[in-house]
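Chemist: So that you have it, the file is data.txt, and it contains compact mmCIF, C-alpha atoms:
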```
# COMPACT_ATOMS: atom_id res chain seq x y z
CA MET A 1 -78.21 -16.05 -313.28
CA THR A 2 -74.67 -14.89 -312.55
CA ALA A 3 -71.29 -16.53 -312.98
CA ASP A 4 -71.41 -17.47 -309.29
CA ASP A 5 -74.59 -19.54 -309.63
CA ARG A 6 -73.75 -23.24 -309.80
CA LEU A 7 -74.25 -26.73 -308.43
CA VAL A 8 -71.63 -27.87 -305.95
CA TYR A 9 -71.21 -31.58 -305.22
CA ASP A 10 -69.36 -32.80 -302.13
CA LEU A 11 -67.60 -35.96 -303.30
CA ASP A 12 -66.42 -36.83 -299.80
CA GLY A 13 -69.99 -36.61 -298.53
CA ILE A 14 -71.21 -38.84 -301.37
CA GLY A 15 -68.44 -41.33 -300.63
CA GLY A 16 -69.28 -41.26 -296.94
CA ARG A 17 -72.95 -41.98 -297.63
CA CYS A 18 -71.85 -44.88 -299.82
CA ASP A 19 -69.70 -46.28 -297.01
CA GLU A 20 -72.64 -45.99 -294.59
CA LEU A 21 -74.85 -47.90 -297.01
CA ARG A 22 -72.34 -50.72 -297.27
CA ARG A 23 -72.07 -50.94 -293.50
CA GLU A 24 -75.84 -51.22 -293.21
CA LEU A 25 -76.14 -53.76 -296.04
CA PRO A 26 -72.89 -55.77 -295.99
CA GLY A 27 -72.19 -57.90 -299.02
CA VAL A 28 -74.87 -56.27 -301.17
CA ARG A 29 -73.76 -55.12 -304.63
CA VAL A 30 -74.31 -51.40 -305.11
CA ARG A 31 -75.23 -50.10 -308.57
CA PHE A 32 -75.59 -46.31 -308.62
CA ALA A 33 -78.68 -45.11 -310.51
CA LEU A 34 -76.80 -42.86 -312.92
CA LYS A 35 -79.89 -40.88 -313.89
CA ALA A 36 -79.89 -39.25 -310.44
CA CYS A 37 -76.58 -37.49 -311.05
CA PRO A 38 -74.93 -37.94 -314.47
CA VAL A 39 -71.74 -36.13 -313.44
CA ASP A 40 -68.43 -37.68 -314.49
CA GLU A 41 -66.61 -36.71 -311.32
CA VAL A 42 -69.30 -38.34 -309.17
CA LEU A 43 -69.25 -41.52 -311.27
CA GLY A 44 -65.47 -41.71 -311.16
CA HIS A 45 -65.42 -41.24 -307.40
CA LEU A 46 -67.96 -44.02 -306.91
CA ALA A 47 -66.21 -46.29 -309.41
CA ARG A 48 -62.98 -46.02 -307.42
CA ARG A 49 -64.93 -47.24 -304.39
CA GLY A 50 -66.07 -50.34 -306.27
CA ILE A 51 -69.58 -49.10 -307.05
CA GLY A 52 -71.28 -50.12 -310.30
CA VAL A 53 -73.96 -48.42 -312.38
CA ASP A 54 -77.63 -48.98 -313.12
CA ALA A 55 -77.83 -47.53 -316.64
CA ALA A 56 -81.00 -46.62 -318.53
CA SER A 57 -79.59 -46.13 -322.04
CA PRO A 58 -76.52 -46.82 -324.18
CA GLN A 59 -75.51 -43.20 -323.61
CA GLU A 60 -75.41 -43.79 -319.85
CA ILE A 61 -73.46 -47.01 -320.38
CA THR A 62 -70.90 -45.09 -322.45
CA GLN A 63 -70.61 -42.42 -319.76
CA ALA A 64 -70.13 -45.04 -317.05
CA LEU A 65 -67.37 -46.75 -319.04
CA ARG A 66 -65.68 -43.40 -319.67
CA ALA A 67 -65.75 -42.70 -315.93
CA GLY A 68 -63.96 -45.98 -315.19
CA VAL A 69 -66.82 -48.30 -314.21
CA PRO A 70 -65.92 -51.88 -315.29
CA LEU A 71 -68.32 -53.61 -317.68
CA GLY A 72 -69.03 -56.32 -315.14
CA ARG A 73 -70.51 -53.74 -312.78
CA ILE A 74 -72.91 -52.19 -315.30
CA HIS A 75 -76.40 -53.44 -316.05
CA TYR A 76 -79.09 -52.06 -318.34
CA GLY A 77 -81.86 -51.47 -315.84
CA ASN A 78 -84.46 -49.85 -318.08
CA THR A 79 -87.27 -52.17 -319.16
CA VAL A 80 -88.11 -49.77 -322.02
CA LYS A 81 -85.56 -50.43 -324.79
CA SER A 82 -85.69 -50.18 -328.57
CA ASP A 83 -84.06 -52.83 -330.77
CA ARG A 84 -81.37 -50.32 -331.68
CA ALA A 85 -80.65 -49.49 -328.04
CA ILE A 86 -80.37 -53.17 -327.11
CA ALA A 87 -77.98 -53.86 -329.97
CA HIS A 88 -75.89 -50.81 -329.06
CA ALA A 89 -75.63 -51.87 -325.42
CA HIS A 90 -74.66 -55.39 -326.47
CA ARG A 91 -71.91 -54.03 -328.73
CA LEU A 92 -70.62 -52.04 -325.78
CA GLY A 93 -70.32 -55.32 -323.86
CA VAL A 94 -73.25 -55.19 -321.43
CA ARG A 95 -74.66 -58.64 -320.67
CA ASP A 96 -77.20 -57.98 -317.87
CA TYR A 97 -80.63 -56.58 -318.74
CA ALA A 98 -83.88 -55.81 -316.93
CA THR A 99 -87.11 -56.92 -318.55
CA ASP A 100 -90.83 -57.00 -317.77
CA SER A 101 -92.49 -58.37 -320.90
CA VAL A 102 -92.33 -61.23 -323.38
CA GLU A 103 -91.93 -58.72 -326.21
CA ASP A 104 -88.83 -57.23 -324.61
CA VAL A 105 -87.42 -60.73 -324.00
CA ARG A 106 -87.77 -61.57 -327.69
CA ALA A 107 -85.99 -58.37 -328.63
CA LEU A 108 -83.19 -59.16 -326.18
CA ALA A 109 -82.83 -62.66 -327.64
CA ALA A 110 -82.54 -61.19 -331.14
CA HIS A 111 -80.16 -58.32 -330.36
CA ALA A 112 -78.34 -59.35 -327.17
CA PRO A 113 -78.12 -63.16 -327.53
CA ARG A 114 -77.14 -65.30 -324.54
CA SER A 115 -77.39 -62.34 -322.17
CA ARG A 116 -78.62 -62.53 -318.58
CA VAL A 117 -82.04 -61.07 -317.77
CA PHE A 118 -83.75 -60.15 -314.52
CA CYS A 119 -87.51 -59.63 -314.40
CA ARG A 120 -88.89 -56.51 -312.76
CA LEU A 121 -92.03 -56.96 -310.64
CA SER A 122 -94.53 -54.13 -310.30
CA THR A 123 -95.14 -52.49 -306.92
CA THR A 124 -97.89 -50.19 -305.68
CA GLY A 125 -95.54 -47.27 -304.98
CA ASP A 126 -97.52 -46.54 -301.82
CA GLY A 127 -95.54 -44.47 -299.33
CA ALA A 128 -93.17 -42.97 -301.90
CA LEU A 129 -93.05 -39.38 -303.10
CA TRP A 130 -92.76 -40.69 -306.65
CA GLY A 131 -94.54 -44.05 -306.92
CA LEU A 132 -93.29 -45.50 -310.25
CA SER A 133 -96.20 -47.92 -310.11
CA GLU A 134 -97.61 -47.83 -313.66
CA LYS A 135 -94.93 -47.66 -316.34
CA PHE A 136 -92.58 -50.38 -315.11
CA GLY A 137 -92.83 -53.96 -313.90
CA CYS A 138 -94.98 -56.98 -314.56
CA ALA A 139 -97.51 -58.60 -312.25
CA PRO A 140 -95.70 -61.13 -310.03
CA GLU A 141 -97.84 -63.96 -311.44
CA ASP A 142 -96.49 -63.23 -314.97
CA ALA A 143 -92.80 -63.30 -314.05
CA ALA A 144 -92.34 -67.07 -314.38
CA GLU A 145 -93.74 -67.05 -317.91
CA ILE A 146 -91.48 -64.18 -318.92
CA LEU A 147 -88.39 -65.89 -317.51
CA LEU A 148 -89.32 -69.25 -319.10
CA THR A 149 -89.67 -67.44 -322.42
CA ALA A 150 -86.20 -66.00 -321.86
CA ARG A 151 -84.73 -69.47 -321.28
CA GLU A 152 -86.44 -70.89 -324.35
CA ALA A 153 -85.05 -67.98 -326.40
CA GLY A 154 -81.47 -68.76 -325.36
CA LEU A 155 -81.15 -66.10 -322.66
CA VAL A 156 -80.14 -66.75 -319.06
CA PRO A 157 -82.99 -66.11 -316.58
CA ALA A 158 -80.92 -64.74 -313.71
CA GLY A 159 -83.00 -62.78 -311.24
CA LEU A 160 -85.91 -60.68 -310.08
CA SER A 161 -86.09 -56.97 -309.29
CA VAL A 162 -88.42 -54.52 -307.60
CA HIS A 163 -88.57 -50.76 -307.12
CA VAL A 164 -90.73 -49.53 -304.24
CA GLY A 165 -90.85 -45.93 -305.49
CA SER A 166 -88.48 -43.01 -305.29
CA GLN A 167 -88.02 -41.43 -301.83
CA GLN A 168 -89.86 -44.28 -300.16
CA MET A 169 -90.90 -43.16 -296.68
CA THR A 170 -92.26 -46.40 -295.18
CA THR A 171 -91.03 -49.83 -294.14
CA GLU A 172 -94.29 -51.45 -295.22
CA ALA A 173 -93.48 -50.98 -298.91
CA TRP A 174 -90.30 -53.03 -298.52
CA GLN A 175 -92.14 -55.72 -296.55
CA ASP A 176 -94.75 -56.00 -299.30
CA ALA A 177 -91.98 -56.21 -301.93
CA PHE A 178 -90.27 -59.06 -300.07
CA ALA A 179 -93.59 -60.91 -299.88
CA ASP A 180 -93.98 -60.57 -303.67
CA LEU A 181 -90.39 -61.71 -304.22
CA ASP A 182 -90.91 -64.73 -301.98
CA ARG A 183 -94.06 -65.82 -303.82
CA THR A 184 -92.45 -65.26 -307.21
CA LEU A 185 -89.26 -67.15 -306.36
CA THR A 186 -91.43 -70.07 -305.26
CA ALA A 187 -93.47 -69.97 -308.48
CA VAL A 188 -90.33 -69.73 -310.61
CA ARG A 189 -88.69 -72.68 -308.84
CA ARG A 190 -91.79 -74.79 -309.43
CA ARG A 191 -91.33 -74.12 -313.15
CA GLY A 192 -87.77 -75.44 -312.97
CA LEU A 193 -85.87 -72.15 -312.81
CA VAL A 194 -83.25 -71.35 -310.19
CA LEU A 195 -82.35 -67.65 -310.08
CA ASP A 196 -79.07 -66.34 -308.70
CA HIS A 197 -79.90 -62.82 -307.52
CA VAL A 198 -82.55 -60.36 -306.38
CA ASN A 199 -82.30 -56.66 -307.26
CA LEU A 200 -84.00 -54.51 -304.61
CA GLY A 201 -83.90 -51.43 -306.84
CA GLY A 202 -83.88 -47.85 -305.65
CA GLY A 203 -86.13 -46.00 -303.25
CA LEU A 204 -83.78 -45.41 -300.34
CA PRO A 205 -84.59 -41.86 -299.24
CA ALA A 206 -82.59 -38.68 -298.96
CA LEU A 207 -82.65 -37.17 -295.49
CA GLY A 208 -82.69 -33.41 -296.01
CA TYR A 209 -86.00 -32.66 -297.74
CA ALA A 210 -89.03 -30.95 -296.25
CA ASP A 211 -92.63 -31.62 -297.25
CA ARG A 212 -94.86 -29.18 -299.11
CA HIS A 213 -95.58 -27.36 -295.85
CA GLY A 214 -91.94 -27.03 -294.82
CA ASN A 215 -91.91 -29.84 -292.24
CA PRO A 216 -88.85 -32.14 -292.29
CA LEU A 217 -89.72 -35.47 -293.90
CA ASP A 218 -87.57 -37.52 -291.49
CA PRO A 219 -87.68 -40.94 -293.19
CA PRO A 220 -87.26 -43.97 -290.86
CA LEU A 221 -83.96 -45.00 -292.43
CA ASP A 222 -82.72 -47.23 -289.58
CA LYS A 223 -85.98 -49.20 -289.64
CA ILE A 224 -85.83 -49.47 -293.44
CA PHE A 225 -82.34 -50.97 -293.26
CA ALA A 226 -83.48 -53.42 -290.60
CA VAL A 227 -86.38 -54.55 -292.81
CA LEU A 228 -83.99 -54.96 -295.76
CA ARG A 229 -81.57 -57.10 -293.75
CA ASP A 230 -84.37 -59.24 -292.34
CA GLY A 231 -86.00 -59.62 -295.76
CA MET A 232 -82.79 -60.67 -297.47
CA GLN A 233 -82.05 -63.26 -294.80
CA TYR A 234 -85.60 -64.61 -295.07
CA LEU A 235 -85.27 -65.04 -298.84
CA ARG A 236 -81.93 -66.82 -298.39
CA ASP A 237 -83.43 -69.10 -295.75
CA MET A 238 -86.38 -69.97 -298.01
CA HIS A 239 -84.70 -70.05 -301.42
CA GLY A 240 -81.01 -70.74 -300.85
CA GLU A 241 -77.91 -69.07 -299.50
CA HIS A 242 -76.67 -68.73 -303.07
CA LEU A 243 -78.96 -65.71 -303.63
CA ALA A 244 -77.01 -62.50 -304.15
CA PHE A 245 -78.57 -59.07 -303.64
CA VAL A 246 -78.25 -55.77 -305.51
CA VAL A 247 -79.41 -52.26 -304.64
CA GLU A 248 -79.68 -49.27 -306.99
CA PRO A 249 -79.48 -46.11 -304.87
CA GLY A 250 -79.63 -42.78 -306.62
CA ARG A 251 -80.88 -39.82 -304.60
CA HIS A 252 -79.91 -41.57 -301.33
CA LEU A 253 -76.23 -41.20 -302.24
CA VAL A 254 -76.17 -37.75 -303.80
CA ALA A 255 -79.15 -35.59 -302.79
CA ASP A 256 -77.91 -34.39 -299.41
CA HIS A 257 -74.39 -33.75 -300.74
CA GLY A 258 -75.29 -31.27 -303.45
CA VAL A 259 -75.96 -27.55 -303.02
CA VAL A 260 -77.23 -25.04 -305.55
CA ARG A 261 -75.46 -21.73 -305.07
CA ALA A 262 -77.88 -19.05 -306.27
CA HIS A 263 -78.96 -15.49 -305.47
CA VAL A 264 -82.06 -13.42 -304.77
CA VAL A 265 -83.74 -11.78 -307.72
CA ARG A 266 -86.33 -9.91 -305.66
CA LEU A 267 -88.48 -10.15 -302.52
CA THR A 268 -91.85 -8.55 -303.28
CA ARG A 269 -95.20 -8.05 -301.59
CA ARG A 270 -98.40 -7.86 -303.61
CA ARG A 271 -102.04 -8.81 -303.24
CA ASP A 272 -103.58 -11.94 -304.72
CA ARG A 273 -106.78 -11.55 -306.76
CA ASP A 274 -108.81 -12.21 -303.62
CA GLY A 275 -107.05 -9.33 -301.85
CA THR A 276 -104.74 -11.47 -299.66
CA PRO A 277 -101.30 -9.88 -299.25
CA ARG A 278 -98.52 -12.24 -300.32
CA HIS A 279 -94.74 -12.10 -300.21
CA TRP A 280 -92.96 -13.62 -303.19
CA LEU A 281 -89.27 -14.52 -303.15
CA TYR A 282 -87.86 -14.87 -306.66
CA LEU A 283 -84.58 -16.77 -307.00
CA SER A 284 -82.10 -16.98 -309.86
CA VAL A 285 -82.78 -20.73 -310.16
CA GLY A 286 -86.00 -22.72 -310.31
CA ARG A 287 -87.73 -25.70 -311.86
CA PHE A 288 -86.14 -25.30 -315.28
CA ASN A 289 -82.52 -24.99 -314.22
CA GLY A 290 -82.06 -27.57 -311.50
CA LEU A 291 -85.00 -27.64 -309.08
CA TYR A 292 -87.57 -29.61 -311.05
CA GLU A 293 -88.65 -31.70 -308.09
CA THR A 294 -90.20 -28.74 -306.28
CA ASP A 295 -93.55 -30.24 -307.26
CA ALA A 296 -93.14 -32.73 -304.41
CA VAL A 297 -90.58 -31.40 -301.93
CA GLN A 298 -89.22 -28.22 -300.46
CA TYR A 299 -85.48 -27.83 -300.53
CA PRO A 300 -84.12 -26.15 -297.37
CA LEU A 301 -82.86 -22.62 -298.08
CA ASP A 302 -79.92 -20.94 -296.39
CA PHE A 303 -79.31 -17.18 -296.55
CA PRO A 304 -75.62 -16.55 -295.72
CA ALA A 305 -75.98 -12.76 -295.70
CA HIS A 306 -78.71 -12.91 -293.03
CA PRO A 307 -77.46 -15.10 -290.17
CA GLY A 308 -79.67 -15.25 -287.11
CA ALA A 309 -82.57 -13.60 -288.93
CA ASP A 310 -85.20 -16.00 -287.56
CA ARG A 311 -86.79 -13.31 -285.43
CA ASP A 312 -87.47 -11.08 -288.42
CA ARG A 313 -88.86 -13.31 -291.15
CA VAL A 314 -91.91 -13.31 -293.38
CA LEU A 315 -93.84 -16.13 -294.99
CA ALA A 316 -93.17 -16.12 -298.73
CA ARG A 317 -93.92 -18.19 -301.79
CA VAL A 318 -90.62 -19.03 -303.47
CA ALA A 319 -90.33 -19.09 -307.27
CA GLY A 320 -87.74 -19.28 -310.00
CA PRO A 321 -86.85 -16.56 -312.52
CA THR A 322 -88.76 -17.71 -315.63
CA CYS A 323 -92.01 -16.55 -317.20
CA ASP A 324 -93.77 -19.82 -316.34
CA SER A 325 -96.34 -20.12 -313.57
CA ASP A 326 -95.20 -23.67 -312.79
CA ASP A 327 -91.78 -22.33 -311.83
CA ALA A 328 -92.62 -22.07 -308.12
CA PHE A 329 -92.08 -23.99 -304.90
CA PRO A 330 -95.10 -25.49 -303.11
CA GLY A 331 -96.26 -24.00 -299.84
CA LEU A 332 -94.80 -21.06 -297.95
CA ILE A 333 -91.32 -20.64 -296.47
CA ARG A 334 -90.08 -18.22 -293.79
CA VAL A 335 -87.44 -15.96 -295.31
CA PRO A 336 -85.55 -12.92 -293.97
CA ARG A 337 -87.53 -9.71 -294.37
CA GLY A 338 -84.40 -7.81 -295.36
CA LEU A 339 -83.49 -9.85 -298.43
CA ALA A 340 -82.21 -7.71 -301.29
CA SER A 341 -81.58 -8.41 -304.95
CA GLY A 342 -78.21 -10.11 -305.32
CA ASP A 343 -78.08 -11.64 -301.83
CA PRO A 344 -76.67 -15.19 -301.90
CA VAL A 345 -78.94 -18.19 -301.38
CA ARG A 346 -77.90 -21.81 -300.84
CA VAL A 347 -80.44 -24.44 -301.89
CA LEU A 348 -79.59 -27.48 -299.77
CA SER A 349 -80.12 -31.21 -300.46
CA SER A 350 -80.35 -30.48 -304.17
CA GLY A 351 -77.78 -32.98 -305.45
CA ALA A 352 -80.25 -35.47 -306.95
CA TYR A 353 -81.74 -34.99 -310.41
CA ALA A 354 -80.75 -31.31 -310.56
CA THR A 355 -78.31 -31.89 -313.41
CA SER A 356 -80.62 -34.43 -315.08
CA TYR A 357 -83.70 -32.21 -315.25
CA MET A 358 -82.21 -28.94 -316.51
CA THR A 359 -83.43 -27.45 -319.77
CA ARG A 360 -80.96 -26.25 -322.36
CA GLY A 361 -81.88 -22.67 -321.55
CA PHE A 362 -85.61 -22.00 -321.14
CA ASN A 363 -86.33 -18.25 -321.30
CA GLY A 364 -82.62 -17.70 -321.87
CA PHE A 365 -81.61 -18.90 -318.40
CA ALA A 366 -78.65 -21.17 -319.01
CA PRO A 367 -78.23 -24.57 -317.31
CA LEU A 368 -76.26 -24.39 -314.08
CA PRO A 369 -72.59 -25.28 -314.29
CA HIS A 370 -71.25 -27.61 -311.62
CA THR A 371 -68.23 -27.89 -309.36
CA CYS A 372 -67.08 -30.92 -307.36
CA VAL A 373 -65.14 -30.54 -304.12
CA GLY A 374 -63.23 -33.15 -302.15
CA GLY A 375 -62.90 -36.61 -303.52
CA GLU A 376 -59.60 -38.00 -302.33
CA ARG A 377 -59.03 -41.53 -303.60
CA PRO A 378 -60.33 -44.03 -300.99
```
Take the structure in this file and express it as structure tokens.
Modeler:
Amino acid sequence: MTADDRLVYDLDGIGGRCDELRRELPGVRVRFALKACPVDEVLGHLARRGIGVDAASPQEITQALRAGVPLGRIHYGNTVKSDRAIAHAHRLGVRDYATDSVEDVRALAAHAPRSRVFCRLSTTGDGALWGLSEKFGCAPEDAAEILLTAREAGLVPAGLSVHVGSQQMTTEAWQDAFADLDRTLTAVRRRGLVLDHVNLGGGLPALGYADRHGNPLDPPLDKIFAVLRDGMQYLRDMHGEHLAFVVEPGRHLVADHGVVRAHVVRLTRRRDRDGTPRHWLYLSVGRFNGLYETDAVQYPLDFPAHPGADRDRVLARVAGPTCDSDDAFPGLIRVPRGLASGDPVRVLSSGAYATSYMTRGFNGFAPLPHTCVGGERP
């Protein structure tokens, strides 16, 4: 790694994506999933646009407050919380909490009394690159009991939430989620509870990734937004116009507006054990300093020193600089044959989770510093 290697975030691009989201989903409250990009400048820029935060820990709540996010626009969206973490968040002033179990409700009643809770329903995660289907969320048929327990414990049962999986690539997942929400709202109302909001979670996709074979993913974003608008109107028609809606975008806002500025370590050619010749392109960054999600996606690569080199490219396996065999991209990528050590490389659509997933310095390769550009006050 050199002093030039770094993450660059385009604040104007992030703000523009946020504006597009609000145009597509008018009136919906936006709570940025802080875990996707815990960068103060990004949080401050979004806060000035009226965006709140979906926080997963007291540390994230503290960071959001420091960046200027008002308390009323912060909720504790992690269903996994220790007693100490709940008490800390309550002292900080947070009064909205996700839950998915009776045990968590009892802890909230003890350490965050009179707070509002919303119950997360499980989803299959089908159609998403990262399904999130096992660790979080209760079965829809258990939600009423959890929310009744909350009311009996002195909490305010306020809403339901879902998460259809990160980088959700289908409309069907959202349709299934709305069907679960509809059934659960009906069951909850029969038990005498009237909820005031539905949290549709994250899952909205980034647009710039390729799949493991280098093909653009091309998520059907327009159709997804249409399904969301139709689903929200259906729930209001069936359960009351009073229902408010929340979304928790993370990678959708930031992924395509972050670039890792790196360089070539070496382009080599050697035989595999079976005798197959293979090109390897080693970069100064990899899984352990920003590009952890290479297990599921390929980030587009740009080689500024080799413009127009498409006619003279080789298929190569791309890997990071560490002594770890997992530090490699999936599949093969066409790269310029003339790449030399030190040539610049731009890793595109790398603004989501890059900062979050860095090690402190595995193999001595330091975490990437970051720079933010743009960001005029809206």
Chemist: Using only C-alpha atoms, can you tell me which of A:Lys35, A:Arg261, A:His197, A:Arg120 comes closest to Asp180 of chain A?
Modeler: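 Going through A:Lys35, A:Arg261, A:His197, A:Arg120 one by one, the smallest distance to Asp180 of chain A is for A:Arg120.
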Chemist: Please, what distance in Å, to one decimal, runs between atom CA of Leu108 of chain A and atom CA of Val39 of chain A?
Modeler: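 If I compute the distance from atom CA of Leu108 of chain A to atom CA of Val39 of chain A, I get 28.7 Å.
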Chemist: So which one's closest to Arg6 of chain A, A:Leu204, A:Val42, A:Cys323, A:Ala262? Using only C-alpha atoms, please.
Modeler: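 Residue with the minimum atom-to-atom distance to Arg6 of chain A: A:Ala262.
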Chemist: Take the point (-84.7, -20.2, -310.3) as written in the file and pick out every residue within 6 Å of it, counting only C-alpha atoms; give the list as a VMD selection string.
Modeler: chain A and resid 283 to 286 320 to 321
Chemist: Using only C-alpha atoms, what table do you get, as a tab-separated table, when you list each residue of segment 228-343 of chain A with an atom no more than 10 Å from segment 141-165 of chain A, its nearest pair of atoms, and their distance in Å rounded to one decimal, rows by chain then rising number?
Modeler:
```
residue	atom	partner	partner_atom	distance
A:Leu243	CA	A:Gly159	CA	9.1
A:Ala244	CA	A:Gly159	CA	9.3
A:Phe245	CA	A:Gly159	CA	9.5
A:Val246	CA	A:Ser161	CA	8.8
A:Val247	CA	A:Ser161	CA	9.4
A:Glu248	CA	A:His163	CA	9.0
```
Chemist: Residues of the last selection are to be written out with C-alpha atoms, as a PDB file, keeping the file's coordinate frame.
Modeler:
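See out.pdb below for the written result:
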```
ATOM      1  CA  LEU A 243     -78.960 -65.710-303.630  1.00  0.00           C
ATOM      2  CA  ALA A 244     -77.010 -62.500-304.150  1.00  0.00           C
ATOM      3  CA  PHE A 245     -78.570 -59.070-303.640  1.00  0.00           C
ATOM      4  CA  VAL A 246     -78.250 -55.770-305.510  1.00  0.00           C
ATOM      5  CA  VAL A 247     -79.410 -52.260-304.640  1.00  0.00           C
ATOM      6  CA  GLU A 248     -79.680 -49.270-306.990  1.00  0.00           C
TER       7      GLU A 248
END
```
Chemist: Would you list the residues near (-85.6, -24.7, -295.5), meaning any protein, DNA or RNA residue with an atom at most 8 Å from that point in file coordinates, counting all atoms listed in the file, as a list in words?
Modeler: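 Final list of nearby residues, as requested, is Ala210, Gly214, Gln298, Tyr299, Pro300, Leu301, Asp302, Ile333 and Leu348 of chain A.
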Chemist: Would you mind exporting the chosen residues as a PDB file, keeping the file's coordinate frame, restricted to C-alpha atoms?
Modeler:
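So the final result, stored in selection_29.pdb, reads:
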```pdb
ATOM      1  CA  ALA A 210     -89.030 -30.950-296.250  1.00  0.00           C
ATOM      2  CA  GLY A 214     -91.940 -27.030-294.820  1.00  0.00           C
ATOM      3  CA  GLN A 298     -89.220 -28.220-300.460  1.00  0.00           C
ATOM      4  CA  TYR A 299     -85.480 -27.830-300.530  1.00  0.00           C
ATOM      5  CA  PRO A 300     -84.120 -26.150-297.370  1.00  0.00           C
ATOM      6  CA  LEU A 301     -82.860 -22.620-298.080  1.00  0.00           C
ATOM      7  CA  ASP A 302     -79.920 -20.940-296.390  1.00  0.00           C
ATOM      8  CA  ILE A 333     -91.320 -20.640-296.470  1.00  0.00           C
ATOM      9  CA  LEU A 348     -79.590 -27.480-299.770  1.00  0.00           C
TER      10      LEU A 348
END
```
Chemist: Residues within 7 Å of Arg212 of chain A, please, as an MDAnalysis selection string. Count all atoms listed in the file; anything in the same chain fewer than 6 positions from it doesn't count.
Modeler: chainID A and resid 296:298 330:331
Chemist: For the residues selected in the previous step, produce a file with C-alpha atoms as a short mmCIF file (atom, residue, chain, number, x, y, z; two decimals), keeping the file's coordinate frame.
Modeler:
```cif
data_model
loop_
_atom_site.label_atom_id
_atom_site.label_comp_id
_atom_site.auth_asym_id
_atom_site.auth_seq_id
_atom_site.Cartn_x
_atom_site.Cartn_y
_atom_site.Cartn_z
CA ALA A 296 -93.14 -32.73 -304.41
CA VAL A 297 -90.58 -31.40 -301.93
CA GLN A 298 -89.22 -28.22 -300.46
CA PRO A 330 -95.10 -25.49 -303.11
CA GLY A 331 -96.26 -24.00 -299.84
#
```
Chemist: Counting all atoms listed in the file, what is within 10 Å of Ala67 of chain A, bar same-chain residues fewer than 3 positions away, as a VMD selection string?
Modeler: chain A and resid 39 to 48 61 to 64 70
Chemist: Could you give me, as JSON lines, a per-residue list for segment 270-325 of chain A showing, wherever an atom lies at most 7 Å from an atom of segment 356-373 of chain A, the closest pair of atoms and their distance in Å to one decimal, using all atoms listed in the file and sorting by chain then residue number from low to high?
Modeler:
```
{"residue": "A:Phe288", "atom": "CA", "partner": "A:Met358", "partner_atom": "CA", "distance": 5.5}
{"residue": "A:Asn289", "atom": "CA", "partner": "A:Met358", "partner_atom": "CA", "distance": 4.6}
{"residue": "A:Gly290", "atom": "CA", "partner": "A:Met358", "partner_atom": "CA", "distance": 5.2}
{"residue": "A:Tyr292", "atom": "CA", "partner": "A:Tyr357", "partner_atom": "CA", "distance": 6.3}
{"residue": "A:Thr322", "atom": "CA", "partner": "A:Asn363", "partner_atom": "CA", "distance": 6.2}
```
Chemist: When you look at Ala110 of chain A with a cut-off of 10 Å (counting all atoms listed in the file), what residues show up, excluding the ones that are within fewer than 2 positions of it in the same chain? I need them as number ranges by chain.
Modeler: A: 83, 86-87, 104-108, 112-114, 153-155
Chemist: When distances are computed from all atoms listed in the file, which of A:Gly250, A:Gly127, A:Gly275, A:Pro140 shows the smallest separation from Val188 of chain A?
Modeler: A:Pro140
Chemist: Hey, which of A:Leu185, A:Ala206, A:Val69, A:Val30 ends up closest to Ala255 of chain A? Count all atoms listed in the file.
Modeler: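 Of A:Leu185, A:Ala206, A:Val69, A:Val30, the one nearest Ala255 of chain A is A:Ala206, counting all atoms listed in the file.
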